[in-house]
Amino acid sequence: MCAGRRLSSDDVSRSDDWAVRVIEECKKVGSGSFKHIQLDVSDRDAVFKAFEEAVDFMGGLDATVSSHAIDAHTSSEAVEEEELLKVMSVNTLGTIYVDQATFQYMEETGGSIVNYASVVRYPGQHDAACRIDRAGDDRKKRDCE
């Protein structure tokens, strides 16, 4: 990931200190320019603004790798509506917003979009992760069956 000539990353949950450390590691193994943009993928306007900033910085867009995801950290039977809506907003709508923002820059030139995520990392949470978003996200349907 760090070998590209121009790389932009985004994250809402990690600190700027984390981004600085990642950028420093990237500079050690690759040449080029690196930038971190913090955003919330569930906020469509923020996603489009971040893409505009990133594309301006990079001088174009050849690929987007989207790996955001959150989990309810509870069973499907116990998840509250507010938490369910947050999970759906990030995991499903966030993916749609990132893809929409990508399309506007790749429509004429082409490129690659990679969407992947895994929130199945806590014992006993597999059913919640799968049931909460499987209806809206085909990439997770295969992992949940």
# chains A, B, ... in the order shown; residues from 1 in each chain; ligands from 1
>>> residues_around(residues="Arg44 (chain A)", least_positions_apart="6", cutoff="10 Å", atoms="only C-alpha atoms", output="ChimeraX atom specification")
/A:50,93-94,96-98,100-101
>>> residues_around(residues="Ile23 (chain A)", least_positions_apart="3", cutoff="9 Å", atoms="only C-alpha atoms", output="list in words")
Cys2, Trp18, Ala19, Val20, Cys26, Lys27, Lys28, Phe34, Lys35 and His36 of chain A
>>> atom_distance(atom1="CA of Ala46 (chain A)", atom2="CA of Glu83 (chain A)")
20.8 Å
>>> residues_around(residues="region 58-66 of chain A", least_positions_apart="4", cutoff="8 Å", atoms="only C-alpha atoms", output="number ranges by chain")
A: 6-8, 54, 95, 98, 102, 105-106, 110-117
>>> atom_distance(atom1="CA of Ser67 (chain A)", atom2="CA of Val90 (chain A)")
10.8 Å
>>> closest_residue(among="A:His68, A:Val22, A:Asp56, A:Phe103", to="Met88 (chain A)", atoms="only C-alpha atoms")
A:His68
>>> atom_distance(atom1="CA of Phe57 (chain A)", atom2="CA of Ile37 (chain A)")
10.8 Å
>>> closest_residue(among="A:Thr74, A:Ser42, A:Thr109, A:Ser33", to="Ser89 (chain A)", atoms="only C-alpha atoms")
A:Ser42
